[in-house]
Structure formats: C-alpha cells, structure tokens
Amino acid sequence: MTTTTPQPGTVVPAVLAVPPAPPAEAAAYFAARLAFHTDVADVHAAWQAGNPGFTVVDSRSRAAWEQGHLPGAVHLPTALVPERAAALLDPAVPVVVYCWGPGCDGATRAALALARQGHRVKEMLGGIEYWIREGFPVQTPHGLVRTPADPLTAPTGGGAACGC
C-alpha cells in the first residue's frame, strides 16, 4: 500500500486519519463479516425463493414475540438457548438469529450461545426493526401485517434495499 505524508499545514480528513487497510486485509475482513452477518433483504429473498437452507431464530422475549415476529421464525429467547436449543434446532442446519434492531445485542449473545453449542450461525443485521422498515410481513396475533417500506431505508418500488 502506498501512503503519502501530508504536507505541513495540510488537514487530513478524519476518515483518513487512520489509513484504509491494504486490499488483501480488507478483503479478508469483509469476507469474515459476511460469514457472520446477513441482512433482512437477503433473508426475505431466500424465504421467497422457497427452501432457504437455514432456520431463523427470534431471540427476543415472549412478550416481544407475541407482539410480532418474522413468519416462520422459531422463538428461542437468548437466556433460554442453553436449555432449549437442542430440542428446537437441527445442528446440521445453519441458523440466522435476530433481535429488536441495531441498538440491541440480544441476537449477538444468542448467536454466541448457539455457536458454543456447535451451530453454524449468522446474525441478521437490523433485526425486526429493519425487517419492518423494509415493508416485509410480520406475524401478529391478528395475522400477517405489512407496513409500507420506510422510504429513507428501503425503496418503495419493490426493489432490493441497497441495490446489492
């Protein structure tokens, strides 16, 4: 990687105060991130396509689950993973875990507990918050509910959220 020393008096933008990693290191880091995370649009697309090859786990409380959850998800609160995971999950099937949203680390704790039990696991970034914000359906006591996509976080014309 080539770096240049700024001329005296040159202001270095904060974003470059720590230079970007060399390409090979960046590639390894981003590949590792994708091994640990997925996003709501990819989970939804996999479900829409049929048998996705993974189980989705909602790691929130009973009250949160009953308020609304991803259709087809398994309810397994984080605190109950050690005692209930073996009865609910097939260790041969990868697991995608979610919680409330970006401000909650319940899914991270659940993913850690599942990994320690031998499960292959990914965390769904954004949790149910971003699932709802993208306009995907939520199972509620009143049936499936779908709210319009948030135009600040998802396209409202039905396209992929980030064009990925």
# chains A, B, ... in the order shown; residues from 1 in each chain; ligands from 1

call {"tool": "select_by_dssp", "arguments": {"residues": "range 55-105 of chain A", "states": "alpha helix (DSSP H)", "output": "list in words"}}
result
Arg62, Ala63, Ala64, Trp65, Glu66, Gln67, Val81, Pro82, Glu83, Arg84, Ala85, Ala86, Ala87 and Leu88 of chain A

call {"tool": "write_last_selection", "arguments": {"atoms": "all heavy atoms", "output": "mmCIF file, in the first residue's frame"}}
result
data_model
loop_
_atom_site.group_PDB
_atom_site.id
_atom_site.type_symbol
_atom_site.label_atom_id
_atom_site.label_comp_id
_atom_site.auth_asym_id
_atom_site.auth_seq_id
_atom_site.Cartn_x
_atom_site.Cartn_y
_atom_site.Cartn_z
ATOM 1 N N ARG A 62 -40.839 -13.354 25.271
ATOM 2 C CA ARG A 62 -42.163 -13.871 24.897
ATOM 3 C C ARG A 62 -43.092 -12.712 24.513
ATOM 4 O O ARG A 62 -43.811 -12.780 23.525
ATOM 5 C CB ARG A 62 -42.750 -14.685 26.050
ATOM 6 C CG ARG A 62 -44.241 -15.004 25.958
ATOM 7 C CD ARG A 62 -44.683 -15.988 24.908
ATOM 8 N NE ARG A 62 -43.966 -17.240 24.934
ATOM 9 C CZ ARG A 62 -43.962 -18.088 23.908
ATOM 10 N NH1 ARG A 62 -44.653 -17.826 22.822
ATOM 11 N NH2 ARG A 62 -43.290 -19.214 23.960
ATOM 12 N N ALA A 63 -43.100 -11.644 25.301
ATOM 13 C CA ALA A 63 -43.976 -10.500 25.014
ATOM 14 C C ALA A 63 -43.657 -9.896 23.650
ATOM 15 O O ALA A 63 -44.562 -9.562 22.880
ATOM 16 C CB ALA A 63 -43.856 -9.452 26.114
ATOM 17 N N ALA A 64 -42.371 -9.765 23.337
ATOM 18 C CA ALA A 64 -41.975 -9.205 22.043
ATOM 19 C C ALA A 64 -42.392 -10.134 20.908
ATOM 20 O O ALA A 64 -42.911 -9.688 19.883
ATOM 21 C CB ALA A 64 -40.466 -8.968 22.017
ATOM 22 N N TRP A 65 -42.177 -11.433 21.091
ATOM 23 C CA TRP A 65 -42.567 -12.439 20.100
ATOM 24 C C TRP A 65 -44.065 -12.354 19.812
ATOM 25 O O TRP A 65 -44.493 -12.354 18.667
ATOM 26 C CB TRP A 65 -42.187 -13.820 20.618
ATOM 27 C CG TRP A 65 -42.791 -14.968 19.874
ATOM 28 C CD1 TRP A 65 -43.939 -15.646 20.198
ATOM 29 C CD2 TRP A 65 -42.289 -15.595 18.689
ATOM 30 N NE1 TRP A 65 -44.180 -16.652 19.292
ATOM 31 C CE2 TRP A 65 -43.180 -16.645 18.361
ATOM 32 C CE3 TRP A 65 -41.180 -15.374 17.875
ATOM 33 C CZ2 TRP A 65 -42.992 -17.477 17.252
ATOM 34 C CZ3 TRP A 65 -40.987 -16.204 16.782
ATOM 35 C CH2 TRP A 65 -41.884 -17.239 16.475
ATOM 36 N N GLU A 66 -44.852 -12.279 20.868
ATOM 37 C CA GLU A 66 -46.306 -12.243 20.695
ATOM 38 C C GLU A 66 -46.771 -10.949 20.033
ATOM 39 O O GLU A 66 -47.776 -10.933 19.338
ATOM 40 C CB GLU A 66 -46.994 -12.452 22.038
ATOM 41 C CG GLU A 66 -46.828 -13.886 22.531
ATOM 42 C CD GLU A 66 -47.353 -14.128 23.928
ATOM 43 O OE1 GLU A 66 -47.784 -13.168 24.610
ATOM 44 O OE2 GLU A 66 -47.323 -15.299 24.348
ATOM 45 N N GLN A 67 -46.047 -9.886 20.238
ATOM 46 C CA GLN A 67 -46.373 -8.604 19.596
ATOM 47 C C GLN A 67 -46.211 -8.703 18.086
ATOM 48 O O GLN A 67 -46.976 -8.123 17.328
ATOM 49 C CB GLN A 67 -45.473 -7.517 20.168
ATOM 50 C CG GLN A 67 -45.746 -6.134 19.630
ATOM 51 C CD GLN A 67 -44.853 -5.114 20.309
ATOM 52 O OE1 GLN A 67 -44.575 -5.207 21.516
ATOM 53 N NE2 GLN A 67 -44.373 -4.159 19.550
ATOM 54 N N VAL A 81 -31.388 -20.255 25.337
ATOM 55 C CA VAL A 81 -30.621 -21.007 24.338
ATOM 56 C C VAL A 81 -29.949 -22.231 24.957
ATOM 57 O O VAL A 81 -30.087 -23.340 24.417
ATOM 58 C CB VAL A 81 -29.596 -20.111 23.608
ATOM 59 C CG1 VAL A 81 -28.607 -20.936 22.798
ATOM 60 C CG2 VAL A 81 -30.311 -19.098 22.708
ATOM 61 N N PRO A 82 -29.233 -22.111 26.073
ATOM 62 C CA PRO A 82 -28.541 -23.288 26.597
ATOM 63 C C PRO A 82 -29.453 -24.478 26.884
ATOM 64 O O PRO A 82 -29.087 -25.616 26.630
ATOM 65 C CB PRO A 82 -27.886 -22.775 27.886
ATOM 66 C CG PRO A 82 -27.718 -21.314 27.660
ATOM 67 C CD PRO A 82 -28.930 -20.916 26.840
ATOM 68 N N GLU A 83 -30.656 -24.230 27.377
ATOM 69 C CA GLU A 83 -31.526 -25.345 27.751
ATOM 70 C C GLU A 83 -32.489 -25.798 26.657
ATOM 71 O O GLU A 83 -32.959 -26.928 26.699
ATOM 72 C CB GLU A 83 -32.306 -25.016 29.020
ATOM 73 C CG GLU A 83 -33.294 -23.876 28.882
ATOM 74 C CD GLU A 83 -33.901 -23.451 30.194
ATOM 75 O OE1 GLU A 83 -33.154 -22.929 31.046
ATOM 76 O OE2 GLU A 83 -35.121 -23.627 30.347
ATOM 77 N N ARG A 84 -32.790 -24.955 25.669
ATOM 78 C CA ARG A 84 -33.823 -25.311 24.690
ATOM 79 C C ARG A 84 -33.342 -25.494 23.249
ATOM 80 O O ARG A 84 -34.081 -26.041 22.432
ATOM 81 C CB ARG A 84 -34.930 -24.262 24.698
ATOM 82 C CG ARG A 84 -35.712 -24.249 25.985
ATOM 83 C CD ARG A 84 -36.960 -23.426 25.832
ATOM 84 N NE ARG A 84 -37.670 -23.359 27.100
ATOM 85 C CZ ARG A 84 -38.605 -22.477 27.356
ATOM 86 N NH1 ARG A 84 -38.946 -21.580 26.441
ATOM 87 N NH2 ARG A 84 -39.220 -22.468 28.524
ATOM 88 N N ALA A 85 -32.149 -25.048 22.932
ATOM 89 C CA ALA A 85 -31.700 -25.085 21.537
ATOM 90 C C ALA A 85 -31.685 -26.507 20.979
ATOM 91 O O ALA A 85 -32.117 -26.729 19.839
ATOM 92 C CB ALA A 85 -30.327 -24.447 21.392
ATOM 93 N N ALA A 86 -31.213 -27.459 21.752
ATOM 94 C CA ALA A 86 -31.111 -28.833 21.249
ATOM 95 C C ALA A 86 -32.471 -29.400 20.858
ATOM 96 O O ALA A 86 -32.576 -30.170 19.894
ATOM 97 C CB ALA A 86 -30.443 -29.722 22.292
ATOM 98 N N ALA A 87 -33.520 -29.013 21.550
ATOM 99 C CA ALA A 87 -34.860 -29.521 21.241
ATOM 100 C C ALA A 87 -35.501 -28.798 20.057
ATOM 101 O O ALA A 87 -36.392 -29.354 19.412
ATOM 102 C CB ALA A 87 -35.750 -29.385 22.474
ATOM 103 N N LEU A 88 -35.069 -27.582 19.764
ATOM 104 C CA LEU A 88 -35.717 -26.776 18.735
ATOM 105 C C LEU A 88 -34.963 -26.705 17.414
ATOM 106 O O LEU A 88 -35.565 -26.418 16.379
ATOM 107 C CB LEU A 88 -35.918 -25.341 19.245
ATOM 108 C CG LEU A 88 -36.885 -25.174 20.409
ATOM 109 C CD1 LEU A 88 -36.847 -23.733 20.922
ATOM 110 C CD2 LEU A 88 -38.289 -25.556 19.985
#

call {"tool": "closest_atom_pairs", "arguments": {"of": "range 35-68 of chain A", "to": "range 104-112 of chain A", "cutoff": "8 Å", "atoms": "only C-alpha atoms", "output": "Markdown table"}}
result
| residue | atom | partner | partner_atom | distance |
| --- | --- | --- | --- | --- |
| A:Asp58 | CA | A:Ala107 | CA | 8.0 |
| A:Ser59 | CA | A:Ala107 | CA | 6.0 |
| A:Arg60 | CA | A:Gly106 | CA | 7.2 |

call {"tool": "closest_atom_pairs", "arguments": {"of": "range 95-152 of chain A", "to": "range 46-53 of chain A", "cutoff": "12 Å", "atoms": "only C-alpha atoms", "output": "JSON lines"}}
result
{"residue": "A:Val95", "atom": "CA", "partner": "A:Gly53", "partner_atom": "CA", "distance": 9.0}
{"residue": "A:Val96", "atom": "CA", "partner": "A:Gly53", "partner_atom": "CA", "distance": 10.4}
{"residue": "A:Arg120", "atom": "CA", "partner": "A:Gly53", "partner_atom": "CA", "distance": 11.9}
{"residue": "A:Phe136", "atom": "CA", "partner": "A:Gln48", "partner_atom": "CA", "distance": 11.0}
{"residue": "A:Pro137", "atom": "CA", "partner": "A:Gln48", "partner_atom": "CA", "distance": 11.7}

call {"tool": "write_last_selection", "arguments": {"atoms": "C-alpha atoms", "output": "mmCIF file, in the first residue's frame"}}
result
data_model
loop_
_atom_site.group_PDB
_atom_site.id
_atom_site.type_symbol
_atom_site.label_atom_id
_atom_site.label_comp_id
_atom_site.auth_asym_id
_atom_site.auth_seq_id
_atom_site.Cartn_x
_atom_site.Cartn_y
_atom_site.Cartn_z
ATOM 1 C CA VAL A 95 -29.222 -20.544 11.959
ATOM 2 C CA VAL A 96 -29.951 -16.854 11.379
ATOM 3 C CA ARG A 120 -23.321 -22.512 12.368
ATOM 4 C CA PHE A 136 -41.726 -7.204 4.984
ATOM 5 C CA PRO A 137 -44.593 -9.057 6.720
#

call {"tool": "closest_atom_pairs", "arguments": {"of": "range 67-143 of chain A", "to": "range 25-35 of chain A", "cutoff": "10 Å", "atoms": "only C-alpha atoms", "output": "Markdown table"}}
result
| residue | atom | partner | partner_atom | distance |
| --- | --- | --- | --- | --- |
| A:Arg120 | CA | A:Ala35 | CA | 9.7 |
| A:Val121 | CA | A:Ala35 | CA | 8.7 |
| A:Lys122 | CA | A:Ala35 | CA | 7.0 |
| A:Glu123 | CA | A:Ala35 | CA | 9.5 |

call {"tool": "write_last_selection", "arguments": {"atoms": "N, CA, C and O atoms", "output": "mmCIF file, in the first residue's frame"}}
result
data_model
loop_
_atom_site.group_PDB
_atom_site.id
_atom_site.type_symbol
_atom_site.label_atom_id
_atom_site.label_comp_id
_atom_site.auth_asym_id
_atom_site.auth_seq_id
_atom_site.Cartn_x
_atom_site.Cartn_y
_atom_site.Cartn_z
ATOM 1 N N ARG A 120 -23.813 -23.521 13.296
ATOM 2 C CA ARG A 120 -23.321 -22.512 12.368
ATOM 3 C C ARG A 120 -24.366 -21.408 12.392
ATOM 4 O O ARG A 120 -25.552 -21.676 12.163
ATOM 5 N N VAL A 121 -23.946 -20.191 12.665
ATOM 6 C CA VAL A 121 -24.916 -19.133 12.913
ATOM 7 C C VAL A 121 -24.480 -17.809 12.314
ATOM 8 O O VAL A 121 -23.286 -17.514 12.254
ATOM 9 N N LYS A 122 -25.479 -17.052 11.853
ATOM 10 C CA LYS A 122 -25.274 -15.682 11.384
ATOM 11 C C LYS A 122 -26.265 -14.793 12.122
ATOM 12 O O LYS A 122 -27.344 -15.234 12.511
ATOM 13 N N GLU A 123 -25.908 -13.532 12.255
ATOM 14 C CA GLU A 123 -26.793 -12.538 12.847
ATOM 15 C C GLU A 123 -27.433 -11.729 11.724
ATOM 16 O O GLU A 123 -26.751 -11.306 10.788
#

call {"tool": "closest_residue", "arguments": {"among": "A:Ala154, A:Val145, A:Leu114, A:Val18", "to": "Val93 in chain A", "atoms": "only C-alpha atoms"}}
result
A:Leu114

call {"tool": "residues_around", "arguments": {"residues": "range 124-128 of chain A", "least_positions_apart": "6", "cutoff": "8 Å", "atoms": "only C-alpha atoms", "output": "mmCIF file with C-alpha atoms, in the first residue's frame"}}
result
data_model
loop_
_atom_site.group_PDB
_atom_site.id
_atom_site.type_symbol
_atom_site.label_atom_id
_atom_site.label_comp_id
_atom_site.auth_asym_id
_atom_site.auth_seq_id
_atom_site.Cartn_x
_atom_site.Cartn_y
_atom_site.Cartn_z
ATOM 1 C CA HIS A 37 -23.834 -11.411 9.236
ATOM 2 C CA THR A 38 -26.677 -11.284 6.769
ATOM 3 C CA ASP A 39 -29.304 -8.650 6.106
ATOM 4 C CA VAL A 40 -33.080 -8.621 6.147
ATOM 5 C CA VAL A 43 -33.310 -13.425 4.430
ATOM 6 C CA HIS A 69 -42.258 -11.788 14.663
ATOM 7 C CA LEU A 70 -40.945 -12.958 11.317
ATOM 8 C CA VAL A 96 -29.951 -16.854 11.379
ATOM 9 C CA VAL A 97 -30.665 -15.027 14.628
ATOM 10 C CA TYR A 98 -32.380 -11.673 15.126
ATOM 11 C CA CYS A 99 -33.459 -9.400 17.957
ATOM 12 C CA TRP A 100 -35.010 -5.900 18.063
ATOM 13 C CA GLY A 101 -32.590 -3.923 15.947
ATOM 14 C CA PRO A 102 -29.190 -2.296 15.685
#

call {"tool": "closest_residue", "arguments": {"among": "A:Ile132, A:Ala92, A:Ala17, A:Ala79", "to": "Gly118 in chain A", "atoms": "only C-alpha atoms"}}
result
A:Ala92

call {"tool": "residues_around", "arguments": {"residues": "Pro148 in chain A", "least_positions_apart": "5", "cutoff": "8 Å", "atoms": "only C-alpha atoms", "output": "PDB file with N, CA, C and O atoms, in the first residue's frame"}}
result
ATOM      1  N   ARG A 133     -39.102  -2.032   8.625  1.00  0.00           N
ATOM      2  CA  ARG A 133     -38.827  -0.811   7.860  1.00  0.00           C
ATOM      3  C   ARG A 133     -38.727  -1.078   6.362  1.00  0.00           C
ATOM      4  O   ARG A 133     -38.968  -0.188   5.554  1.00  0.00           O
ATOM      5  N   GLU A 134     -38.358  -2.296   5.976  1.00  0.00           N
ATOM      6  CA  GLU A 134     -38.293  -2.631   4.554  1.00  0.00           C
ATOM      7  C   GLU A 134     -39.648  -3.085   4.016  1.00  0.00           C
ATOM      8  O   GLU A 134     -39.779  -3.410   2.845  1.00  0.00           O
ATOM      9  N   GLY A 135     -40.663  -3.117   4.902  1.00  0.00           N
ATOM     10  CA  GLY A 135     -42.015  -3.444   4.460  1.00  0.00           C
ATOM     11  C   GLY A 135     -42.309  -4.928   4.369  1.00  0.00           C
ATOM     12  O   GLY A 135     -43.290  -5.329   3.735  1.00  0.00           O
ATOM     13  N   THR A 156     -39.354   2.144  -2.200  1.00  0.00           N
ATOM     14  CA  THR A 156     -40.781   1.896  -2.084  1.00  0.00           C
ATOM     15  C   THR A 156     -41.349   1.270  -3.348  1.00  0.00           C
ATOM     16  O   THR A 156     -42.522   0.939  -3.395  1.00  0.00           O
TER      17      THR A 156
END

call {"tool": "select_by_dssp", "arguments": {"residues": "range 67-127 of chain A", "states": "strand (DSSP E or B)", "output": "PyMOL selection string"}}
result
chain A and resi 69+74-75+95-98+121-125

call {"tool": "write_last_selection", "arguments": {"atoms": "N, CA, C and O atoms", "output": "short mmCIF file (atom, residue, chain, number, x, y, z; two decimals), in the first residue's frame"}}
result
data_model
loop_
_atom_site.label_atom_id
_atom_site.label_comp_id
_atom_site.auth_asym_id
_atom_site.auth_seq_id
_atom_site.Cartn_x
_atom_site.Cartn_y
_atom_site.Cartn_z
N HIS A 69 -43.52 -11.12 14.98
CA HIS A 69 -42.26 -11.79 14.66
C HIS A 69 -42.23 -12.15 13.18
O HIS A 69 -43.27 -12.08 12.49
N VAL A 74 -38.44 -19.34 14.58
CA VAL A 74 -38.53 -20.13 15.80
C VAL A 74 -38.28 -19.18 16.96
O VAL A 74 -37.35 -18.37 16.92
N HIS A 75 -39.10 -19.28 18.00
CA HIS A 75 -38.90 -18.43 19.17
C HIS A 75 -37.97 -19.12 20.16
O HIS A 75 -38.26 -20.21 20.65
N VAL A 95 -28.25 -21.36 11.25
CA VAL A 95 -29.22 -20.54 11.96
C VAL A 95 -28.94 -19.07 11.67
O VAL A 95 -27.80 -18.64 11.65
N VAL A 96 -30.02 -18.31 11.48
CA VAL A 96 -29.95 -16.85 11.38
C VAL A 96 -30.74 -16.31 12.56
O VAL A 96 -31.91 -16.64 12.74
N VAL A 97 -30.07 -15.53 13.39
CA VAL A 97 -30.66 -15.03 14.63
C VAL A 97 -30.96 -13.54 14.50
O VAL A 97 -30.20 -12.80 13.87
N TYR A 98 -32.09 -13.10 15.08
CA TYR A 98 -32.38 -11.67 15.13
C TYR A 98 -32.96 -11.29 16.48
O TYR A 98 -33.43 -12.13 17.24
N VAL A 121 -23.95 -20.19 12.66
CA VAL A 121 -24.92 -19.13 12.91
C VAL A 121 -24.48 -17.81 12.31
O VAL A 121 -23.29 -17.51 12.25
N LYS A 122 -25.48 -17.05 11.85
CA LYS A 122 -25.27 -15.68 11.38
C LYS A 122 -26.27 -14.79 12.12
O LYS A 122 -27.34 -15.23 12.51
N GLU A 123 -25.91 -13.53 12.26
CA GLU A 123 -26.79 -12.54 12.85
C GLU A 123 -27.43 -11.73 11.72
O GLU A 123 -26.75 -11.31 10.79
N MET A 124 -28.75 -11.52 11.82
CA MET A 124 -29.46 -10.71 10.83
C MET A 124 -29.35 -9.24 11.24
O MET A 124 -29.95 -8.81 12.22
N LEU A 125 -28.56 -8.49 10.48
CA LEU A 125 -28.36 -7.08 10.78
C LEU A 125 -29.67 -6.30 10.69
O LEU A 125 -30.46 -6.51 9.78
#
